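Asker: Mind looking over this structure? Questions follow.
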Amino acid sequence: MRAEKKITIIGAGLAGALLAILLARKGWTVEVFERRPDPRLAGYEGGRSINLALAERGLHALRLAGLTEAVMAQAVMMRGRMVHSADGGTQLLRYGKDDSEVIWSVHRGRLNISLLDAAEAAGATIRFNARLDRVDFNAKTFRLINDHDRRDEVRDFAVLIGADGAGSALRQAMSGKVALNEHFAPLGHGYKELEIPPADDGGFRIEPNALHIWPRGGYMCIALPNTEKTFTVTLFLPNEGDPSFATLPDVAAAHAFFARDFADTLPLVPEFDADWTNNPIGSLSTLYLDHWHLDGRAVLLGDAAHAMVPFHGQGMNCAFEDCIALARHIEEAGNWAEAFAAFEAERRPNAEAIQAMALENYVEMRDRVDDVDFLLQRQLERVLAERHPGRFVPRYTMVSFMRVPYATAFERGKIQRQLLIDATRGLRDIAQVDLEAADDMVRTRLSSLVTTS
Ligand code: FAD
């Protein structure tokens, strides 16, 4: 493998840039091709989700890349979910036990730029305005197109790594050679972004250290803070039915909908009409594939392999974990096919687990966070986590504050959820729970959790 040292990465988004850092630092020759212009010169053409929730898995990757300080200097801490009920009441539901268990809101564009700078500093070369168009896997060549001047060029490769996102052109090319069995499962809900500007005194208009949620049953708004003292609000709403994006054909209808269902959000968004009109409706799907690699010639990772709905805030975190795993398998394996197969065997079950948890979390966020049974179960979850450290670990904690494999978090989460339902059935108050019986359930149903650091 070292004889063919050149590694070609398609896509210099979050995963592609991080992988370039990890591999270049190990002495590989890394070239990256990105369809967009260089964001450091042209400004960031994000296109979607201005900010992202960064959790332990992503933080771990940034530590390995030596970027923690640069990124965390621009991050806003989020302690928990600030739930805004329809009656205007608010309640903070902490994510973890204290401020050691929090997530962080980071700016997508700035994070991407930090990763690009570090990738170049590590020795990777990045070519912008270079869109992968097609691949000849037999000749081991690929064609790039510059979308600005329409010039194209053909280059050769030793191995291709697809970090080119949900609409991956490399995946498309691979599907002509291997039965990927691509399946995009649409959520049936879309999203639209709005902005809460700073207050008149320059500060935040609402509590900065929280991820705000306005749950409304079949739909919701969320808001994540930015260092500029703004919040990016995202409305998640069905595409069809009532209410839906289909029943909001114009800004007047959207305004009336917000006045009815998000009455306390609307005054926070003074540019509502412009935001609604100018920002597109984003679509949300889960991508499933039967294979992620074409023998030793090409492999996919991040959204190109397993795009997911954003409700666990783990798409990037998971993509970063992919990068660490792939870099490790490339170092350890005897040949490319072995490395890619081992990578897929390790990561695909975990990606499928977080995809499933992300779908479940949508229902929890929009419909359950202000539900009485759910709140009682959450209270008991806390109590049991304290009584059984290392054995009863809340699923959110396993996903967001630890690096337990997602598949393990998913399986243990199912057992724990059933246990909480059984222990609180018919009850209204935590004082009514038979804790000794609950302790017995924990001991018989859960082994202690083995963690890696
Ligand atoms: P991308 O970030 O999509 O990068 C792909 C790159 O490839 C881009 O730069 C693109 O220009 C380039 N490219 C595409 N096609 C080509 C081509 N043919 N040739 C060359 N280059 C190409 N994740 C979290 O962890 N936390 C969150 O809070 C979170 N919130 C989200 C909110 C929303 C609304 C959405 C939609 C997603 C969210 N995600 C979140 C998920 C996260 O955005 C993705 O999982 C992450 O961006 C995946 O990184 P990636 O590098 O695989 O793909």
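Chains: A, B, ... in order of the structure tokens. Residues: from 1 per chain. Ligands: from 1, in order shown.
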Ligand 1: which residues are within 6 Å, counting only C-alpha atoms and all ligand atoms, as a ChimeraX atom specification?

Answerer: /A:10-16,33-36,48-49,52-54,130-133,163-165,168-169,302-304,310,313-317,319

Asker: Give me the residues within 8 Å of Leu284 (chain A) as number ranges by chain, counting only C-alpha atoms and dropping any in the same chain fewer than 2 places off.

Answerer: A: 186-191, 282, 286, 308-309

Asker: Per DSSP on the backbone, filter region 75-301 of chain A down to the residues in strand (DSSP E or B) and report them as a ChimeraX atom specification.

Answerer: /A:76-78,80-84,90-94,103-107,125-127,131-136,141-145,152-156,159-162,183-196,211-215,220-225,231-238,282-288,293-294,298-300

Asker: For Gly27 (chain A), which residue among A:Leu300, A:Ala246, A:Ile330, A:Leu115 is the nearest when counting only C-alpha atoms?

Answerer: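 Looking at the shortest contact to Gly27 (chain A), the residue is A:Ile330.
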
Asker: Give me, please, the distance in Å between CA of Arg63 (chain A) and CA of Ser100 (chain A), quoted to one decimal.

Answerer: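 Going from CA of Arg63 (chain A) over to CA of Ser100 (chain A), I get 16.6 Å.
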